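Peer 1: Supplied in structure tokens, the structure appears directly below.
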Amino acid sequence: MNRGMWKLFSLVLIVVLSTVLSANNHFDFDLIKKGKDNNNTLLVIGGIQGDEPGGFISASLLATHYEIIEGSVWIVPNLNFYSIIKRSRGPYGDMNRKFAYLSKKDPEYKTVERIKSFIKDNRVKLIVNLHDGSGFFRPIYEDKLHSPKKWGQCSIIDQKEIDIEKYGNLSEISAQVVSYVNENLMDDEHKYYQHNTKTKDGDKEMEKTLTYFAINNGKAAFGNEASKNLPTHKRVYYHLLALEKYMDVMGIKYKRKFKMSSKGVYNAINNDIYISMYDDKIKLPLSKIRGFLKYFPIKKDKIIDFKASNPLLTIIKNGNIYSIHYGNRRLSKLQADYQDYDEKNCSVKLLVDGNAKDVEFGETVEVSKDFLVKYDENFRVNVIGYTNKIKNETGINIKKKNIAKKFSIDKKGYIYRIEYYNDDKFAGMVLVKFKS
Ligand SMILES: [Zn+2]
């Protein structure tokens, strides 16, 4: 991505995710409001169970890769964030059985109360809770994997209808979603069905769920299930199709920033993910990051302030190791090299393939052949992985082959760190990315 695009991208992200997080190991869920608040709000919930990435990644993509042009959408992409990071269905039991009764002593009591308050909010008129279920739901038994006992690939309602002003015709709405998904199947096996759990007729388990709580509070609520037998990006494909239909039903207009295809969804999940630290002094592209980065400059107070391009990204501190997590996956571990920080942010000068360029801290600069860091009296420069007898690595033409590959940020050896120091204080980082 070029500089202009990156700037625009960062700006969009900062607007989307204005919370500045810090690695203090808290796991409160995010509520991301998109569009213009109104009394016809769609509430999308992902991550009630941490081992269902299709659901929570879909919710996060709705937050980061959709523009809501008309209408109001609220997104909770990481309801049980702790279980997502732990990659567990529920470290404190199944959260989706905690909506009928819950002891105040339950460690998830506050989380459940908080989501209940959003469900009950007068502005919210329709709720979709996203899940990944095993196998493929079929109304009639076909085989072990395709049967009425399976949960994958279906639209779930608790009952046919409820007596509310809008969207009370649950069965009809769900049928519209099912038929829309079925118009866009990647494979016949993925066919969607409606699954009515008929909860009020005595389904003791379903009575404890989030959607049934919503129904009892006069809200249209649906479960949407993709199959755990599909790879994550295909589950996301089906969840997003369903969500687009729900938006359609509610008259919410959107713009999607990627192509709705297997590959388009895969790329949206895995590319263009970033984390920036300390007021953008450092900005790390995460899509192909190495699993371990040594000597990473972290502030001496050991607190890492960061902004993430995706609500499923977080940093967890364990001793001097700062692990970057993206949903269920740990992307990288940063080994802290504790430093005093120089607070001010500046731009610095580089020669990139012979052309002079002003570069800001946090920026990634694309290089075809070589780069040269211009001398600046304010800074000492260290190109990580470039070995030289001199202390300040300015005024030298550096090619990819001059830097030891093991110091790259990315697994394949294209992206390298230039670090700037003011006296002994860390001032900022620029990345150079060689053309592949
Ligand atoms: Zn589930």
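Identifiers in the structure tokens: chain A, B, ... in order shown; residue index from 1 per chain; ligand index from 1 in order shown.
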Counting only C-alpha atoms and all ligand atoms, what are the residues, protein, DNA or RNA alike, that approach ligand 1 to within 10 Å? I want them as an MDAnalysis selection string.
Peer 2: chainID A and resid 46:53 55 89 94:96 129:134 151:152 223:226
Peer 1: For region 294-308 of chain A, find every residue with an atom within 7 Å (counting only C-alpha atoms), except residues of its own chain fewer than 2 positions away, and show them as a PyMOL selection string.
Peer 2: chain A and resi 20-23+274-278+292+310-311+313+334-341
Peer 1: Restricting it to N, CA and C atoms, dump the selection as a tab-separated table (two decimals), in the first residue's frame.
Peer 2:
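Final output, out_21.tsv:
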chain	number	residue	atom	x	y	z
A	20	VAL	N	-8.07	3.58	22.66
A	20	VAL	CA	-6.66	3.26	22.81
A	20	VAL	C	-6.57	2.19	23.88
A	21	LEU	N	-5.97	1.10	23.50
A	21	LEU	CA	-5.90	-0.03	24.42
A	21	LEU	C	-4.50	-0.09	25.00
A	22	SER	N	-4.37	-0.77	26.07
A	22	SER	CA	-3.03	-1.02	26.57
A	22	SER	C	-2.97	-2.44	27.09
A	23	ALA	N	-1.78	-3.00	27.05
A	23	ALA	CA	-1.64	-4.41	27.40
A	23	ALA	C	-1.76	-4.59	28.90
A	274	TYR	N	-3.02	-4.44	11.08
A	274	TYR	CA	-1.93	-3.64	11.63
A	274	TYR	C	-2.13	-3.39	13.10
A	275	ILE	N	-1.01	-3.12	13.76
A	275	ILE	CA	-1.10	-2.61	15.12
A	275	ILE	C	-0.13	-1.43	15.19
A	276	SER	N	-0.56	-0.33	15.78
A	276	SER	CA	0.37	0.78	15.92
A	276	SER	C	0.53	1.11	17.39
A	277	MET	N	1.72	1.57	17.73
A	277	MET	CA	2.06	1.75	19.14
A	277	MET	C	2.56	3.14	19.42
A	278	TYR	N	2.32	3.57	20.65
A	278	TYR	CA	2.88	4.83	21.14
A	278	TYR	C	2.64	5.97	20.17
A	292	PHE	N	8.36	-14.42	16.27
A	292	PHE	CA	9.13	-13.90	17.41
A	292	PHE	C	10.02	-12.75	16.92
A	310	ASN	N	-8.12	-3.97	14.03
A	310	ASN	CA	-9.23	-4.92	14.13
A	310	ASN	C	-9.52	-5.16	15.61
A	311	PRO	N	-10.79	-5.21	15.98
A	311	PRO	CA	-11.12	-5.35	17.41
A	311	PRO	C	-10.71	-6.71	18.00
A	313	LEU	N	-7.77	-7.89	17.67
A	313	LEU	CA	-6.34	-7.82	17.95
A	313	LEU	C	-6.11	-7.31	19.35
A	334	LEU	N	6.69	-10.29	20.95
A	334	LEU	CA	7.72	-9.26	20.94
A	334	LEU	C	8.52	-9.37	22.23
A	335	GLN	N	9.83	-9.50	22.07
A	335	GLN	CA	10.67	-9.54	23.26
A	335	GLN	C	11.10	-8.11	23.57
A	336	ALA	N	10.74	-7.64	24.75
A	336	ALA	CA	10.95	-6.23	25.07
A	336	ALA	C	12.42	-5.90	25.25
A	337	ASP	N	12.80	-4.79	24.62
A	337	ASP	CA	14.07	-4.16	24.93
A	337	ASP	C	13.65	-2.82	25.53
A	338	TYR	N	13.58	-2.75	26.87
A	338	TYR	CA	12.99	-1.57	27.51
A	338	TYR	C	13.84	-0.33	27.26
A	339	GLN	N	13.16	0.74	26.84
A	339	GLN	CA	13.85	1.97	26.44
A	339	GLN	C	13.14	3.19	27.03
A	340	ASP	N	13.94	4.25	27.25
A	340	ASP	CA	13.31	5.55	27.46
A	340	ASP	C	12.81	6.02	26.11
A	341	TYR	N	11.69	6.72	26.11
A	341	TYR	CA	11.13	7.20	24.85
A	341	TYR	C	11.26	8.71	24.72
Peer 1: Just how far from CA of Lys374 (chain A) is CA of Lys349 (chain A), in Å to one decimal?
Peer 2: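 It comes out at 5.6 Å.
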Peer 1: Looking only at the backbone, which of the residues in region 197-247 of chain A does DSSP tag as alpha helix (DSSP H), as a list in words?
Peer 2: Leu210, Thr211, Tyr212, Phe213, Ala214, Ile215, Asn216, Thr232, His233, Lys234, Arg235, Val236, Tyr237, Tyr238, His239, Leu240, Leu241, Ala242, Leu243, Glu244, Lys245, Tyr246 and Met247 of chain A
Peer 1: According to DSSP computed on the backbone, where in region 114-358 of chain A is there strand (DSSP E)? Give the residues as JSON, numbers by chain.
Peer 2: {"A": [124, 125, 126, 127, 128, 129, 130, 131, 132, 133, 136, 137, 146, 147, 154, 155, 156, 157, 193, 194, 195, 196, 220, 221, 222, 223, 224, 225, 226, 227, 253, 254, 255, 256, 274, 275, 276, 277, 282, 283, 284, 285, 292, 293, 294, 295, 296, 297, 298, 299, 305, 306, 307, 308, 313, 314, 315, 316, 317, 318, 321, 322, 323, 324, 325, 326, 329, 330, 331, 332, 333, 334, 335, 336, 337, 338, 339, 347, 348, 349, 350, 351, 352, 355, 356, 357, 358]}
Peer 1: May I have the residues from that selection written out with C-alpha atoms, as an mmCIF file, in the first residue's frame?
Peer 2:
data_model
loop_
_atom_site.group_PDB
_atom_site.id
_atom_site.type_symbol
_atom_site.label_atom_id
_atom_site.label_comp_id
_atom_site.auth_asym_id
_atom_site.auth_seq_id
_atom_site.Cartn_x
_atom_site.Cartn_y
_atom_site.Cartn_z
ATOM 1 C CA VAL A 124 -32.159 -2.087 18.950
ATOM 2 C CA LYS A 125 -34.859 -3.824 16.891
ATOM 3 C CA LEU A 126 -33.166 -6.939 15.536
ATOM 4 C CA ILE A 127 -30.368 -9.081 16.933
ATOM 5 C CA VAL A 128 -28.211 -11.677 15.206
ATOM 6 C CA ASN A 129 -25.978 -13.928 17.281
ATOM 7 C CA LEU A 130 -23.278 -15.634 15.213
ATOM 8 C CA HIS A 131 -22.150 -19.210 15.849
ATOM 9 C CA ASP A 132 -20.113 -21.976 14.270
ATOM 10 C CA GLY A 133 -21.841 -25.318 14.758
ATOM 11 C CA PHE A 136 -24.599 -29.679 8.711
ATOM 12 C CA PHE A 137 -28.117 -29.250 10.035
ATOM 13 C CA HIS A 146 -25.966 -34.239 8.068
ATOM 14 C CA SER A 147 -28.800 -34.578 10.535
ATOM 15 C CA CYS A 154 -28.723 -22.944 9.495
ATOM 16 C CA SER A 155 -30.751 -19.952 10.557
ATOM 17 C CA ILE A 156 -32.096 -20.426 14.063
ATOM 18 C CA ILE A 157 -35.295 -19.078 15.532
ATOM 19 C CA TYR A 193 -32.104 -24.557 6.408
ATOM 20 C CA GLN A 194 -34.266 -22.900 8.972
ATOM 21 C CA HIS A 195 -34.058 -24.497 12.382
ATOM 22 C CA ASN A 196 -36.862 -23.639 14.796
ATOM 23 C CA ALA A 220 -36.538 -10.050 17.123
ATOM 24 C CA ALA A 221 -33.533 -12.325 17.569
ATOM 25 C CA PHE A 222 -31.885 -14.920 15.362
ATOM 26 C CA GLY A 223 -28.998 -17.316 15.600
ATOM 27 C CA ASN A 224 -26.888 -17.775 12.522
ATOM 28 C CA GLU A 225 -24.759 -20.885 12.227
ATOM 29 C CA ALA A 226 -21.928 -21.715 9.860
ATOM 30 C CA SER A 227 -20.346 -25.143 9.864
ATOM 31 C CA LYS A 253 -27.573 0.274 3.183
ATOM 32 C CA TYR A 254 -23.893 -0.642 3.135
ATOM 33 C CA LYS A 255 -20.765 -0.695 1.023
ATOM 34 C CA ARG A 256 -18.470 -3.703 1.270
ATOM 35 C CA TYR A 274 -1.929 -3.642 11.629
ATOM 36 C CA ILE A 275 -1.100 -2.609 15.121
ATOM 37 C CA SER A 276 0.372 0.783 15.921
ATOM 38 C CA MET A 277 2.063 1.747 19.144
ATOM 39 C CA ILE A 282 5.745 2.238 15.491
ATOM 40 C CA LYS A 283 3.290 0.646 13.073
ATOM 41 C CA LEU A 284 3.560 -3.080 12.448
ATOM 42 C CA PRO A 285 2.002 -4.862 9.493
ATOM 43 C CA PHE A 292 9.135 -13.897 17.406
ATOM 44 C CA LEU A 293 10.761 -10.461 17.230
ATOM 45 C CA LYS A 294 13.794 -9.826 19.382
ATOM 46 C CA TYR A 295 14.924 -6.572 21.000
ATOM 47 C CA PHE A 296 11.691 -4.735 20.419
ATOM 48 C CA PRO A 297 11.659 -1.182 21.851
ATOM 49 C CA ILE A 298 9.030 -1.000 24.613
ATOM 50 C CA LYS A 299 8.710 1.922 27.016
ATOM 51 C CA ASP A 305 -0.153 1.722 24.288
ATOM 52 C CA PHE A 306 -1.531 0.482 21.021
ATOM 53 C CA LYS A 307 -4.227 0.944 18.436
ATOM 54 C CA ALA A 308 -5.327 -2.024 16.391
ATOM 55 C CA LEU A 313 -6.340 -7.818 17.947
ATOM 56 C CA THR A 314 -4.800 -7.410 21.339
ATOM 57 C CA ILE A 315 -1.445 -7.528 23.088
ATOM 58 C CA ILE A 316 -0.917 -9.620 26.187
ATOM 59 C CA LYS A 317 2.057 -9.109 28.454
ATOM 60 C CA ASN A 318 3.775 -11.997 30.121
ATOM 61 C CA ILE A 321 7.197 -10.935 26.266
ATOM 62 C CA TYR A 322 4.335 -9.048 24.584
ATOM 63 C CA SER A 323 2.194 -11.420 22.530
ATOM 64 C CA ILE A 324 0.068 -10.102 19.684
ATOM 65 C CA HIS A 325 -3.178 -12.048 19.380
ATOM 66 C CA TYR A 326 -5.694 -11.944 16.547
ATOM 67 C CA ARG A 329 -4.354 -16.972 16.742
ATOM 68 C CA ARG A 330 -1.169 -15.726 18.304
ATOM 69 C CA LEU A 331 0.595 -13.870 15.530
ATOM 70 C CA SER A 332 3.840 -12.873 17.176
ATOM 71 C CA LYS A 333 5.753 -12.433 20.383
ATOM 72 C CA LEU A 334 7.721 -9.256 20.940
ATOM 73 C CA GLN A 335 10.669 -9.542 23.258
ATOM 74 C CA ALA A 336 10.950 -6.230 25.066
ATOM 75 C CA ASP A 337 14.068 -4.159 24.928
ATOM 76 C CA TYR A 338 12.990 -1.565 27.510
ATOM 77 C CA GLN A 339 13.846 1.969 26.444
ATOM 78 C CA SER A 347 9.600 13.211 9.953
ATOM 79 C CA VAL A 348 12.968 12.078 8.698
ATOM 80 C CA LYS A 349 14.659 11.984 5.306
ATOM 81 C CA LEU A 350 15.457 8.937 3.218
ATOM 82 C CA LEU A 351 16.778 8.396 -0.271
ATOM 83 C CA VAL A 352 14.657 5.632 -1.751
ATOM 84 C CA ASN A 355 14.753 9.721 -4.730
ATOM 85 C CA ALA A 356 14.527 11.973 -1.681
ATOM 86 C CA LYS A 357 11.579 11.221 0.547
ATOM 87 C CA ASP A 358 10.160 12.684 3.764
#
Peer 1: Which one is closest to Asn328 (chain A): A:Arg123, A:Lys34, A:Arg87, A:Lys149? Count only C-alpha atoms.
Peer 2: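 Of A:Arg123, A:Lys34, A:Arg87, A:Lys149, the one nearest Asn328 (chain A) is A:Arg87, counting only C-alpha atoms.
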Peer 1: For region 56-65 of chain A, please output as a VMD selection string all residues within 8 Å (counting only C-alpha atoms; exclusion window: fewer than 2 positions along the same chain).
Peer 2: chain A and resid 13 16 32 34 44 to 47 52 to 54 67 75 to 78 130 236 to 237 239 to 240 256 to 258 268 to 269 309 to 312 327
Peer 1: Now that the selection is made, can you save its residues with N, CA and C atoms as a short mmCIF file (atom, residue, chain, number, x, y, z; two decimals), in the first residue's frame?
Peer 2:
data_model
loop_
_atom_site.label_atom_id
_atom_site.label_comp_id
_atom_site.auth_asym_id
_atom_site.auth_seq_id
_atom_site.Cartn_x
_atom_site.Cartn_y
_atom_site.Cartn_z
N LEU A 13 -9.35 3.58 10.29
CA LEU A 13 -9.28 2.66 11.42
C LEU A 13 -9.41 3.40 12.73
N VAL A 16 -12.88 4.13 13.28
CA VAL A 16 -13.63 2.92 13.64
C VAL A 16 -13.33 2.51 15.08
N ILE A 32 -19.14 -1.50 18.80
CA ILE A 32 -18.77 -0.59 17.72
C ILE A 32 -20.04 -0.14 17.02
N LYS A 34 -21.89 1.74 14.02
CA LYS A 34 -21.66 2.17 12.64
C LYS A 34 -22.92 2.81 12.09
N VAL A 44 -25.35 -6.95 16.06
CA VAL A 44 -24.68 -8.19 15.64
C VAL A 44 -23.70 -8.60 16.73
N ILE A 45 -23.79 -9.86 17.14
CA ILE A 45 -22.94 -10.33 18.22
C ILE A 45 -22.10 -11.52 17.77
N GLY A 46 -20.80 -11.43 18.00
CA GLY A 46 -19.89 -12.53 17.70
C GLY A 46 -19.07 -12.85 18.94
N GLY A 47 -18.61 -14.08 19.01
CA GLY A 47 -17.65 -14.44 20.06
C GLY A 47 -18.25 -14.77 21.40
N GLU A 52 -15.38 -20.34 18.16
CA GLU A 52 -16.19 -20.23 16.94
C GLU A 52 -15.75 -19.02 16.11
N PRO A 53 -14.55 -19.14 15.51
CA PRO A 53 -13.97 -17.97 14.83
C PRO A 53 -14.77 -17.47 13.63
N GLY A 54 -15.52 -18.35 12.97
CA GLY A 54 -16.32 -17.90 11.83
C GLY A 54 -17.25 -16.77 12.27
N GLU A 67 -18.89 -0.15 5.10
CA GLU A 67 -19.31 1.22 5.42
C GLU A 67 -20.83 1.18 5.46
N ILE A 75 -22.14 -3.40 16.63
CA ILE A 75 -21.43 -4.68 16.51
C ILE A 75 -20.64 -4.97 17.79
N VAL A 76 -20.87 -6.16 18.31
CA VAL A 76 -20.03 -6.68 19.40
C VAL A 76 -19.26 -7.87 18.80
N PRO A 77 -18.00 -7.65 18.42
CA PRO A 77 -17.28 -8.72 17.73
C PRO A 77 -16.60 -9.72 18.67
N ASN A 78 -16.55 -9.40 19.93
CA ASN A 78 -15.72 -10.18 20.85
C ASN A 78 -16.37 -10.30 22.23
N LEU A 130 -23.99 -14.80 16.18
CA LEU A 130 -23.28 -15.63 15.21
C LEU A 130 -22.57 -16.81 15.88
N VAL A 236 -17.06 -17.55 7.34
CA VAL A 236 -17.27 -16.09 7.33
C VAL A 236 -18.09 -15.68 6.11
N TYR A 237 -17.78 -16.30 4.98
CA TYR A 237 -18.53 -16.02 3.76
C TYR A 237 -20.04 -16.20 4.00
N HIS A 239 -21.71 -16.38 6.97
CA HIS A 239 -22.23 -15.43 7.97
C HIS A 239 -22.47 -14.05 7.35
N LEU A 240 -21.51 -13.61 6.54
CA LEU A 240 -21.65 -12.27 5.96
C LEU A 240 -22.82 -12.20 4.97
N ARG A 256 -19.47 -2.72 0.84
CA ARG A 256 -18.47 -3.70 1.27
C ARG A 256 -17.15 -3.41 0.58
N LYS A 257 -16.03 -3.53 1.32
CA LYS A 257 -14.74 -3.13 0.75
C LYS A 257 -13.96 -4.29 0.16
N PHE A 258 -14.61 -5.40 -0.08
CA PHE A 258 -13.91 -6.53 -0.71
C PHE A 258 -14.94 -7.31 -1.52
N ALA A 268 -9.53 -10.40 3.01
CA ALA A 268 -10.01 -9.39 3.97
C ALA A 268 -9.65 -9.79 5.40
N ILE A 269 -9.69 -11.09 5.67
CA ILE A 269 -9.35 -11.55 7.02
C ILE A 269 -7.86 -11.44 7.29
N SER A 309 -5.99 -2.38 14.10
CA SER A 309 -6.86 -2.21 12.94
C SER A 309 -8.09 -3.10 13.03
N ASN A 310 -8.12 -3.97 14.03
CA ASN A 310 -9.23 -4.92 14.13
C ASN A 310 -9.52 -5.16 15.61
N PRO A 311 -10.79 -5.21 15.98
CA PRO A 311 -11.12 -5.35 17.41
C PRO A 311 -10.71 -6.71 18.00
N LEU A 312 -10.37 -7.66 17.15
CA LEU A 312 -9.94 -8.97 17.65
C LEU A 312 -8.45 -9.01 17.94
N GLY A 327 -7.79 -12.76 17.42
CA GLY A 327 -8.79 -13.80 17.66
C GLY A 327 -8.15 -15.00 18.32
#
Peer 1: Which residues come within 12 Å of Asp248 (chain A), counting only C-alpha atoms, excluding same-chain residues fewer than 4 positions away, as an mmCIF file with C-alpha atoms, in the first residue's frame?
Peer 2:
data_model
loop_
_atom_site.group_PDB
_atom_site.id
_atom_site.type_symbol
_atom_site.label_atom_id
_atom_site.label_comp_id
_atom_site.auth_asym_id
_atom_site.auth_seq_id
_atom_site.Cartn_x
_atom_site.Cartn_y
_atom_site.Cartn_z
ATOM 1 C CA LEU A 42 -29.278 -4.018 14.047
ATOM 2 C CA ILE A 68 -22.863 1.760 6.617
ATOM 3 C CA GLU A 70 -27.814 4.421 5.664
ATOM 4 C CA GLY A 71 -29.132 3.084 8.942
ATOM 5 C CA ILE A 173 -37.379 -13.238 7.924
ATOM 6 C CA GLN A 176 -35.594 -14.920 3.412
ATOM 7 C CA VAL A 177 -32.098 -15.208 4.831
ATOM 8 C CA TYR A 180 -30.577 -15.632 -0.046
ATOM 9 C CA LEU A 241 -24.191 -13.305 3.322
ATOM 10 C CA ALA A 242 -26.731 -13.765 6.104
ATOM 11 C CA LEU A 243 -25.841 -10.427 7.714
ATOM 12 C CA GLU A 244 -26.174 -8.634 4.391
ATOM 13 C CA ILE A 252 -29.827 -0.683 6.071
ATOM 14 C CA LYS A 253 -27.573 0.274 3.183
ATOM 15 C CA TYR A 254 -23.893 -0.642 3.135
#
Peer 1: Let me make sure I understand: among A:Tyr92, A:Leu185, A:Lys228, A:Asp28, which one has the smallest atom-to-atom distance to Met260 (chain A) if we use only C-alpha atoms?
Peer 2: A:Leu185
Peer 1: Pick out the residues sitting within 10 Å of Ser262 (chain A), and hand them over as a list in words; count only C-alpha atoms, and ignore anything fewer than 6 positions along from it in its own chain.
Peer 2: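 That gives Met186, His233, Lys234, Arg235, Val236, Tyr237 and Tyr238 of chain A.
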Peer 1: Figure out the distance between CA of Val73 (chain A) and CA of Ser261 (chain A), please, to one decimal in Å.
Peer 2: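 CA of Val73 (chain A) lies at a distance of 23.0 Å from CA of Ser261 (chain A).
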Peer 1: For Val181 (chain A), which residue out of A:Gly168, A:Arg290, A:Tyr246, A:Asp201 is the nearest one, using only C-alpha atoms?
Peer 2: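 When distances to Val181 (chain A) are compared using only C-alpha atoms, the smallest one comes from A:Tyr246.
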Peer 1: Contacts of Gly93 (chain A) at 12 Å or less, counting only C-alpha atoms, minus same-chain residues fewer than 3 places along, as a PDB file with N, CA and C atoms, in the first residue's frame?
Peer 2:
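result38.pdb was written with the following content:
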ATOM      1  N   ILE A  48     -19.492 -15.228  21.436  1.00  0.00           N
ATOM      2  CA  ILE A  48     -20.043 -15.631  22.743  1.00  0.00           C
ATOM      3  C   ILE A  48     -19.328 -16.896  23.222  1.00  0.00           C
ATOM      4  N   GLN A  49     -18.852 -17.684  22.241  1.00  0.00           N
ATOM      5  CA  GLN A  49     -18.020 -18.845  22.557  1.00  0.00           C
ATOM      6  C   GLN A  49     -16.723 -18.723  21.776  1.00  0.00           C
ATOM      7  N   GLY A  50     -15.605 -18.793  22.488  1.00  0.00           N
ATOM      8  CA  GLY A  50     -14.310 -18.441  21.897  1.00  0.00           C
ATOM      9  C   GLY A  50     -13.779 -19.392  20.854  1.00  0.00           C
ATOM     10  N   ASN A  80     -17.127 -12.679  24.326  1.00  0.00           N
ATOM     11  CA  ASN A  80     -16.362 -13.407  25.342  1.00  0.00           C
ATOM     12  C   ASN A  80     -14.888 -13.381  24.938  1.00  0.00           C
ATOM     13  N   TYR A  82     -12.110 -13.101  26.457  1.00  0.00           N
ATOM     14  CA  TYR A  82     -11.174 -13.975  27.175  1.00  0.00           C
ATOM     15  C   TYR A  82     -11.196 -15.389  26.595  1.00  0.00           C
ATOM     16  N   SER A  83     -12.387 -15.881  26.291  1.00  0.00           N
ATOM     17  CA  SER A  83     -12.479 -17.242  25.736  1.00  0.00           C
ATOM     18  C   SER A  83     -11.906 -17.285  24.315  1.00  0.00           C
ATOM     19  N   SER A  88     -11.023 -21.224  23.779  1.00  0.00           N
ATOM     20  CA  SER A  88     -11.794 -22.201  24.535  1.00  0.00           C
ATOM     21  C   SER A  88     -13.266 -21.848  24.395  1.00  0.00           C
ATOM     22  N   ARG A  89     -14.131 -22.841  24.433  1.00  0.00           N
ATOM     23  CA  ARG A  89     -15.567 -22.567  24.320  1.00  0.00           C
ATOM     24  C   ARG A  89     -16.021 -21.643  25.440  1.00  0.00           C
ATOM     25  N   GLY A  90     -15.502 -21.871  26.623  1.00  0.00           N
ATOM     26  CA  GLY A  90     -15.858 -21.015  27.752  1.00  0.00           C
ATOM     27  C   GLY A  90     -15.035 -21.390  28.971  1.00  0.00           C
ATOM     28  N   ASN A  96     -23.360 -18.833  26.728  1.00  0.00           N
ATOM     29  CA  ASN A  96     -24.697 -18.837  26.120  1.00  0.00           C
ATOM     30  C   ASN A  96     -25.707 -19.681  26.913  1.00  0.00           C
ATOM     31  N   ARG A  97     -25.373 -20.008  28.137  1.00  0.00           N
ATOM     32  CA  ARG A  97     -26.341 -20.637  29.047  1.00  0.00           C
ATOM     33  C   ARG A  97     -26.502 -19.791  30.304  1.00  0.00           C
ATOM     34  N   LYS A  98     -26.121 -18.515  30.193  1.00  0.00           N
ATOM     35  CA  LYS A  98     -26.101 -17.651  31.386  1.00  0.00           C
ATOM     36  C   LYS A  98     -27.115 -16.515  31.326  1.00  0.00           C
ATOM     37  N   LEU A 102     -28.173 -15.970  36.519  1.00  0.00           N
ATOM     38  CA  LEU A 102     -26.724 -15.995  36.740  1.00  0.00           C
ATOM     39  C   LEU A 102     -26.396 -15.414  38.111  1.00  0.00           C
ATOM     40  N   ASP A 106     -20.600 -15.054  39.562  1.00  0.00           N
ATOM     41  CA  ASP A 106     -20.019 -15.600  38.332  1.00  0.00           C
ATOM     42  C   ASP A 106     -19.030 -14.589  37.739  1.00  0.00           C
ATOM     43  N   PRO A 107     -17.829 -15.055  37.345  1.00  0.00           N
ATOM     44  CA  PRO A 107     -16.835 -14.110  36.786  1.00  0.00           C
ATOM     45  C   PRO A 107     -17.328 -13.384  35.530  1.00  0.00           C
ATOM     46  N   GLU A 108     -18.354 -13.925  34.876  1.00  0.00           N
ATOM     47  CA  GLU A 108     -18.856 -13.286  33.659  1.00  0.00           C
ATOM     48  C   GLU A 108     -20.138 -12.476  33.907  1.00  0.00           C
ATOM     49  N   TYR A 109     -20.482 -12.325  35.166  1.00  0.00           N
ATOM     50  CA  TYR A 109     -21.727 -11.620  35.500  1.00  0.00           C
ATOM     51  C   TYR A 109     -21.796 -10.229  34.864  1.00  0.00           C
TER      52      TYR A 109
END
Peer 1: Just to confirm, what's the straight-line distance from CA of Gly319 (chain A) to CA of Asp30 (chain A) in Å (one decimal)?
Peer 2: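 Between these atoms lies a distance of 26.1 Å.
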Peer 1: Between A:Asn182, A:Asn382, A:Asn229, A:Gln159, which one has atoms that come closest to Lys198 (chain A), using only C-alpha atoms?
Peer 2: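 For Lys198 (chain A), the nearest of the candidates is A:Gln159.
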Peer 1: In terms of the shortest atom-to-atom distance over only C-alpha atoms, which of A:Arg138, A:Lys166, A:Lys391, A:Lys369 is closest to Tyr192 (chain A)?
Peer 2: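 Nearest to Tyr192 (chain A): A:Arg138.
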Peer 1: Give me the residues near Phe99 (chain A) as JSON, numbers by chain, where near means some atom within 7 Å (using only C-alpha atoms) and where sequence neighbours in that chain fewer than 5 positions away do not count.
Peer 2: {"A": [208, 209, 210, 213]}
